[in-house]
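Peer 1: Input upload19.tsv, format and content: TSV, C-alpha atoms.
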```tsv
chain	number	residue	atom	x	y	z
X	197	MET	CA	103.09	118.81	90.95
X	198	THR	CA	106.31	117.12	92.02
X	199	ARG	CA	108.86	115.81	89.58
X	200	PHE	CA	107.96	112.27	90.66
X	201	ALA	CA	104.27	112.88	90.00
X	202	ARG	CA	105.03	114.34	86.58
X	203	THR	CA	107.18	111.30	85.83
X	204	ALA	CA	104.43	108.96	86.90
X	205	LEU	CA	101.80	110.73	84.80
X	206	ALA	CA	103.93	111.16	81.71
X	207	PRO	CA	103.42	107.67	80.25
X	208	LEU	CA	99.64	107.83	80.78
X	209	ALA	CA	99.42	111.25	79.20
X	210	LEU	CA	101.59	110.13	76.32
X	211	VAL	CA	99.42	107.08	75.64
X	212	ALA	CA	96.05	108.81	75.96
X	213	VAL	CA	96.89	112.04	74.17
X	214	SER	CA	99.06	110.64	71.40
X	215	LEU	CA	96.59	107.87	70.56
X	216	ALA	CA	93.71	110.33	70.54
X	217	GLY	CA	95.63	112.60	68.17
X	218	CYS	CA	96.74	109.96	65.69
X	219	PRO	CA	95.01	109.63	62.31
X	220	GLN	CA	92.14	107.22	62.85
X	221	PRO	CA	90.29	104.94	60.44
X	222	GLU	CA	87.03	106.20	59.05
X	223	SER	CA	83.92	104.76	60.64
X	224	GLY	CA	83.04	102.96	57.42
X	225	ALA	CA	86.47	101.47	56.87
X	226	LYS	CA	86.51	97.75	56.25
X	227	ALA	CA	88.24	95.37	58.60
X	228	PRO	CA	91.18	93.44	57.15
X	229	GLU	CA	89.94	90.53	55.08
X	230	ALA	CA	90.46	87.03	56.37
X	231	GLY	CA	92.78	84.80	54.45
X	232	ALA	CA	96.13	86.09	55.64
X	233	ALA	CA	98.57	83.42	56.64
X	234	GLY	CA	97.64	82.09	60.06
X	235	GLY	CA	101.20	82.33	61.35
X	236	ALA	CA	101.50	86.00	60.42
X	237	ALA	CA	98.11	86.79	61.95
X	238	ASP	CA	99.02	85.01	65.17
X	239	GLU	CA	102.33	86.86	65.32
X	240	THR	CA	100.55	90.20	64.86
X	241	GLN	CA	98.12	89.39	67.65
X	242	GLN	CA	100.93	88.38	69.97
X	243	THR	CA	102.78	91.59	69.13
X	244	LEU	CA	99.68	93.68	69.84
X	245	TYR	CA	99.25	91.83	73.12
X	246	ALA	CA	102.87	92.61	74.02
X	247	LEU	CA	102.27	96.25	73.12
X	248	GLY	CA	99.36	96.39	75.57
X	249	ALA	CA	101.43	94.71	78.27
X	250	SER	CA	104.31	97.13	77.65
X	251	ILE	CA	102.02	100.16	77.95
X	252	ALA	CA	100.62	98.85	81.25
X	253	GLN	CA	104.08	98.12	82.67
X	254	ARG	CA	105.45	101.53	81.71
X	255	SER	CA	102.35	103.54	82.57
X	256	LEU	CA	101.30	101.84	85.80
X	257	PRO	CA	104.46	100.75	87.63
X	258	GLY	CA	103.62	99.67	91.16
X	259	VAL	CA	99.90	100.30	90.70
X	260	LYS	CA	97.63	97.42	91.63
X	261	LEU	CA	94.46	97.30	89.57
X	262	GLN	CA	91.48	95.11	90.39
X	263	ASP	CA	89.47	93.21	87.81
X	264	SER	CA	86.66	95.69	88.42
X	265	ASP	CA	88.98	98.55	87.34
X	266	LEU	CA	89.90	97.09	83.99
X	267	GLU	CA	86.58	97.65	82.23
X	268	ALA	CA	86.87	101.44	82.57
X	269	VAL	CA	90.60	101.42	81.71
X	270	GLN	CA	90.00	99.32	78.59
X	271	ARG	CA	87.09	101.53	77.54
X	272	GLY	CA	89.19	104.68	77.83
X	273	PHE	CA	92.09	103.07	75.99
X	274	ALA	CA	89.83	101.91	73.17
X	275	ASP	CA	88.13	105.31	72.79
X	276	ALA	CA	91.49	107.10	72.57
X	277	ALA	CA	93.01	104.50	70.24
X	278	LEU	CA	90.05	104.53	67.86
X	279	GLY	CA	89.51	108.29	67.82
X	280	ARG	CA	86.13	108.22	69.53
X	281	THR	CA	84.78	111.01	71.66
X	282	LEU	CA	86.34	110.72	75.11
X	283	GLU	CA	84.13	110.61	78.17
X	284	ARG	CA	86.72	112.69	80.05
X	285	ASP	CA	89.70	114.73	78.91
X	286	PRO	CA	92.92	113.22	80.34
X	287	ARG	CA	94.41	116.71	80.72
X	288	GLU	CA	91.50	117.93	82.83
X	289	ALA	CA	91.60	114.71	84.83
X	290	ALA	CA	95.36	114.95	85.54
X	291	PRO	CA	94.96	115.83	89.26
X	292	ALA	CA	92.53	112.94	89.75
X	293	ILE	CA	94.87	110.58	87.87
X	294	GLN	CA	97.77	111.71	90.06
X	295	LYS	CA	95.79	111.08	93.24
X	296	LEU	CA	94.65	107.65	92.09
X	297	LEU	CA	98.19	106.59	91.17
X	298	THR	CA	99.60	107.93	94.44
X	299	ASP	CA	96.94	106.21	96.52
X	300	ARG	CA	97.30	102.89	94.72
X	301	ARG	CA	101.10	102.93	94.97
X	302	ALA	CA	100.92	103.79	98.66
X	303	ALA	CA	98.52	100.90	99.24
X	304	ALA	CA	100.79	98.52	97.34
X	305	ALA	CA	103.85	99.69	99.30
X	306	ALA	CA	102.05	99.29	102.62
X	307	ALA	CA	101.01	95.74	101.76
X	308	GLU	CA	104.55	94.86	100.67
X	309	LYS	CA	106.04	96.30	103.87
X	310	GLU	CA	103.59	94.33	105.99
X	311	ALA	CA	104.62	91.12	104.26
X	312	ALA	CA	108.29	92.12	104.68
X	313	VAL	CA	108.09	92.04	108.48
X	314	SER	CA	107.89	88.25	108.68
X	315	PHE	CA	110.29	87.88	105.76
X	316	LEU	CA	113.00	89.90	107.53
X	317	ALA	CA	112.34	88.08	110.80
X	318	GLU	CA	112.91	84.73	109.10
X	319	ALA	CA	116.11	85.98	107.47
X	320	ALA	CA	117.40	87.05	110.89
X	321	LYS	CA	117.02	83.47	112.18
X	322	ALA	CA	119.49	82.06	109.65
X	323	THR	CA	122.76	80.66	110.95
X	324	GLY	CA	125.34	83.41	111.34
X	325	ALA	CA	122.89	86.20	110.56
X	326	GLU	CA	122.98	89.48	112.45
X	327	THR	CA	120.61	92.43	112.33
X	328	THR	CA	122.27	95.83	112.43
X	329	LYS	CA	120.87	98.99	114.01
X	330	THR	CA	119.53	100.11	110.64
X	331	GLY	CA	117.58	96.89	110.09
X	332	LEU	CA	119.95	95.27	107.59
X	333	VAL	CA	120.20	91.50	108.03
X	334	TYR	CA	123.81	90.54	107.29
X	335	GLN	CA	124.79	86.90	106.88
X	336	GLY	CA	128.37	85.96	106.14
X	337	VAL	CA	128.55	83.01	103.75
X	338	ALA	CA	132.30	82.71	103.17
X	339	GLU	CA	134.93	84.66	105.08
X	340	GLY	CA	137.37	86.64	102.98
X	341	THR	CA	141.05	87.11	103.76
X	342	GLY	CA	141.67	90.53	102.23
X	343	PRO	CA	141.04	94.07	103.47
X	344	GLN	CA	137.65	95.59	104.21
X	345	PRO	CA	136.49	98.46	102.01
X	346	LYS	CA	135.55	101.92	103.23
X	347	ASP	CA	132.46	103.78	102.13
X	348	THR	CA	134.62	105.94	99.86
X	349	ASP	CA	136.10	102.94	98.02
X	350	ARG	CA	135.16	101.50	94.66
X	351	VAL	CA	134.63	97.74	94.70
X	352	LYS	CA	134.43	94.98	92.11
X	353	VAL	CA	131.71	92.46	92.92
X	354	HIS	CA	129.58	89.65	91.60
X	355	TYR	CA	126.01	89.82	92.83
X	356	THR	CA	122.46	88.61	92.33
X	357	GLY	CA	119.52	90.71	93.52
X	358	LYS	CA	116.24	88.95	94.33
X	359	LEU	CA	112.75	89.80	95.51
X	360	ARG	CA	111.29	88.07	98.56
X	361	ASP	CA	109.66	85.45	96.34
X	362	GLY	CA	113.08	84.52	94.92
X	363	THR	CA	112.65	86.26	91.58
X	364	ALA	CA	116.02	87.57	90.35
X	365	PHE	CA	115.72	91.14	89.08
X	366	ASP	CA	119.42	91.78	88.40
X	367	SER	CA	122.54	89.63	88.28
X	368	SER	CA	126.12	90.28	87.26
X	369	VAL	CA	126.60	86.50	87.48
X	370	GLU	CA	124.09	85.93	84.68
X	371	ARG	CA	125.74	88.65	82.62
X	372	GLY	CA	129.11	86.99	83.18
X	373	GLN	CA	130.74	90.31	84.01
X	374	PRO	CA	131.61	91.60	87.51
X	375	ALA	CA	130.34	95.06	88.34
X	376	VAL	CA	132.28	97.99	89.80
X	377	PHE	CA	130.50	100.36	92.19
X	378	ALA	CA	131.46	103.29	94.37
X	379	LEU	CA	130.11	102.36	97.80
X	380	ASN	CA	128.91	105.90	98.47
X	381	ARG	CA	126.82	105.84	95.29
X	382	VAL	CA	124.66	102.77	95.89
X	383	VAL	CA	121.63	102.00	98.06
X	384	PRO	CA	122.33	102.26	101.82
X	385	CYS	CA	122.04	98.49	102.23
X	386	TRP	CA	125.07	98.03	100.00
X	387	THR	CA	127.04	100.86	101.52
X	388	GLU	CA	126.65	99.34	104.97
X	389	GLY	CA	126.74	95.64	104.13
X	390	VAL	CA	129.71	95.50	101.78
X	391	GLN	CA	131.85	97.40	104.30
X	392	LYS	CA	131.40	94.44	106.67
X	393	MET	CA	132.95	92.08	104.11
X	394	LYS	CA	136.58	91.27	103.35
X	395	VAL	CA	137.96	90.84	99.86
X	396	GLY	CA	137.41	87.26	98.74
X	397	GLY	CA	134.34	86.85	100.95
X	398	LYS	CA	130.69	86.20	100.20
X	399	ALA	CA	127.64	87.42	102.07
X	400	LYS	CA	123.86	87.64	101.88
X	401	LEU	CA	122.33	91.07	102.48
X	402	THR	CA	118.62	91.15	103.29
X	403	CYS	CA	117.49	94.74	103.01
X	404	PRO	CA	114.34	96.49	104.26
X	405	SER	CA	112.86	98.74	101.61
X	406	ASP	CA	114.02	101.82	103.54
X	407	LEU	CA	117.61	100.72	102.85
X	408	ALA	CA	116.85	99.82	99.23
X	409	TYR	CA	114.46	101.52	96.78
X	410	GLY	CA	111.78	102.65	99.22
X	411	ASP	CA	108.13	103.22	98.41
X	412	ARG	CA	108.90	104.04	94.79
X	413	GLY	CA	110.66	100.80	93.86
X	414	VAL	CA	112.00	100.41	90.34
X	415	PRO	CA	109.24	100.48	87.71
X	416	GLY	CA	108.81	97.11	86.05
X	417	ARG	CA	111.41	95.40	88.25
X	418	ILE	CA	111.04	96.12	91.97
X	419	PRO	CA	107.63	96.69	93.60
X	420	PRO	CA	107.11	99.69	95.90
X	421	GLY	CA	108.09	98.91	99.50
X	422	ALA	CA	109.82	95.65	98.57
X	423	PRO	CA	112.54	94.11	100.75
X	424	LEU	CA	115.46	92.82	98.71
X	425	VAL	CA	118.06	90.07	99.01
X	426	PHE	CA	121.54	90.42	97.53
X	427	ASP	CA	124.04	87.57	97.27
X	428	VAL	CA	127.37	89.37	97.04
X	429	GLU	CA	130.94	88.25	96.38
X	430	LEU	CA	133.57	90.92	97.05
X	431	ILE	CA	136.26	90.39	94.44
X	432	GLU	CA	138.46	93.44	94.76
X	433	ILE	CA	138.83	96.95	96.11
X	434	VAL	CA	139.49	98.93	92.95
X	435	GLN	CA	142.24	101.47	93.32
X	436	ALA	CA	141.48	104.83	91.84
X	437	PRO	CA	143.89	105.79	89.06
X	438	PRO	CA	146.55	108.24	90.28
X	439	THR	CA	145.78	111.85	89.61
X	440	PRO	CA	148.50	113.29	87.35
X	441	ALA	CA	150.41	116.20	88.82
X	442	PRO	CA	149.62	119.49	87.11
X	443	ALA	CA	152.29	120.58	84.68
X	444	ALA	CA	154.41	123.51	85.78
X	445	PRO	CA	153.54	126.66	83.82
X	446	LYS	CA	156.11	127.62	81.25
X	447	LYS	CA	157.74	131.01	81.77
X	448	ALA	CA	158.38	132.99	78.67
X	449	ALA	CA	161.94	134.36	78.41
X	450	PRO	CA	161.97	138.20	78.51
X	451	ALA	CA	163.06	139.85	75.32
X	452	ALA	CA	166.47	141.50	75.45
X	453	PRO	CA	166.23	145.32	75.22
X	454	ALA	CA	167.78	147.08	72.28
X	455	ALA	CA	171.29	148.43	72.85
X	456	LYS	CA	170.32	152.08	72.72
X	457	ASP	CA	167.47	151.51	75.14
X	458	ALA	CA	169.40	149.30	77.54
X	459	PRO	CA	169.16	150.62	81.10
X	460	LYS	CA	172.29	151.82	82.78
X	461	ALA	CA	173.72	149.68	85.52
X	462	ALA	CA	172.65	150.74	88.95
X	463	PRO	CA	175.42	152.37	91.00
X	464	PRO	CA	176.86	150.26	93.79
X	465	ALA	CA	175.21	150.78	97.15
X	466	PRO	CA	177.31	153.04	99.40
X	467	LYS	CA	179.18	151.30	102.17
X	468	THR	CA	178.14	152.28	105.64
X	469	GLU	CA	180.06	151.69	108.82
X	470	ALA	CA	178.65	151.36	112.28
X	471	PRO	CA	179.17	154.52	114.33
X	472	PRO	CA	182.12	154.32	116.71
X	473	LYS	CA	181.29	153.32	120.20
X	474	GLN	CA	181.23	156.40	122.46
X	475	ASP	CA	183.32	156.31	125.70
```
Output the file's structure as structure tokens, nothing else.
Peer 2:
Amino acid sequence: MTRFARTALAPLALVAVSLAGCPQPESGAKAPEAGAAGGAADETQQTLYALGASIAQRSLPGVKLQDSDLEAVQRGFADAALGRTLERDPREAAPAIQKLLTDRRAAAAAAEKEAAVSFLAEAAKATGAETTKTGLVYQGVAEGTGPQPKDTDRVKVHYTGKLRDGTAFDSSVERGQPAVFALNRVVPCWTEGVQKMKVGGKAKLTCPSDLAYGDRGVPGRIPPGAPLVFDVELIEIVQAPPTPAPAAPKKAAPAAPAAKDAPKAAPPAPKTEAPPKQD
């Protein structure tokens, strides 16, 4: 099993196994009596609803379920949560779970990529837009007057990242704090696109999924296969702090020998003269 597959299965295994192993109420236990304050009861129900939503988001990122799938999922969840006998052991079913998740994610990514074709084509029609060899659609919005960064530079930027439906999934603007990135440590779309900008400029980067987060996406934020749009303002090329020169090693002074052990001075080297030139 790959590390990605283990990561994908971990939340499901955690939910199913841990719930099944928790102390469960006895079959004859009474339900909570009515009469609790309505506000508190409503808050508890909303919290339980949020718990269910959280489990689904963390356990099934990028997996599209149909209405017809939910009955079986809910039945398995309820059996594990209430300590009932399970129809199938999640551990034994791990390979089948892995295959289902992989197949569903692949289907979701394929559908998103198909929709991205027309989305990228429309972005390329915008005034001033250009499509690079990699498929990045670069559109300058405001020309900067400063230098252009290299892929080894660190840059300070303001940005907003959006899905193709306009949903913002990340924004330094909303946080009110510019971000600093090394251009060789970000998605390829950024590495390529920001190098085309000048300090002080603004641009829109429309990125195919292959230049962004690929078929995996970002669980809970970016669907598998999703194209992304980044509105970027290049504020500054951040200079790396100078590397301090290494300190010269200190040489310990040799101890002076005792007088009786002091070595005798070496005799002067004998003088030698060149042999006389023979007639």
Peer 1: Measuring between all atoms listed in the file, which one of X:Ala246, X:Leu296, X:Val351, X:Leu407 shows the shortest distance to Ala375 (chain X)?
Peer 2: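 Answer, going by the shortest atom-to-atom distance: X:Val351.
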Peer 1: Would you mind reading off the distance between CA of Ala303 (chain X) and CA of Thr328 (chain X), one decimal, in Å?
Peer 2: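 Going from CA of Ala303 (chain X) over to CA of Thr328 (chain X) covers 27.6 Å.
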Peer 1: Which of these residues is nearest to Gln294 (chain X), using only C-alpha atoms: X:Val259, X:Ala274, X:Pro374, X:Leu424?
Peer 2: X:Val259
Peer 1: Between X:Leu266, X:Ile293, X:Leu401, X:Ala338, which one has atoms that come closest to Lys358 (chain X), using all atoms listed in the file?
Peer 2: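 That would be X:Leu401, the residue with the smallest distance to Lys358 (chain X).
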Peer 1: Give me, please, the distance in Å between CA of Glu326 (chain X) and CA of Ala304 (chain X), quoted to one decimal.
Peer 2: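 Rounded to one decimal, the two atoms are 28.3 Å apart.
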Peer 1: For CA of Gly362 (chain X) and CA of Thr243 (chain X), quote the distance in Å rounded to one decimal.
Peer 2: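 Value for the CA of Gly362 (chain X)-CA of Thr243 (chain X) distance: 28.7 Å.
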Peer 1: Using all atoms listed in the file, can you tell me which of X:Arg301, X:Arg280, X:Arg412, X:His354 comes closest to Lys398 (chain X)?
Peer 2: X:His354
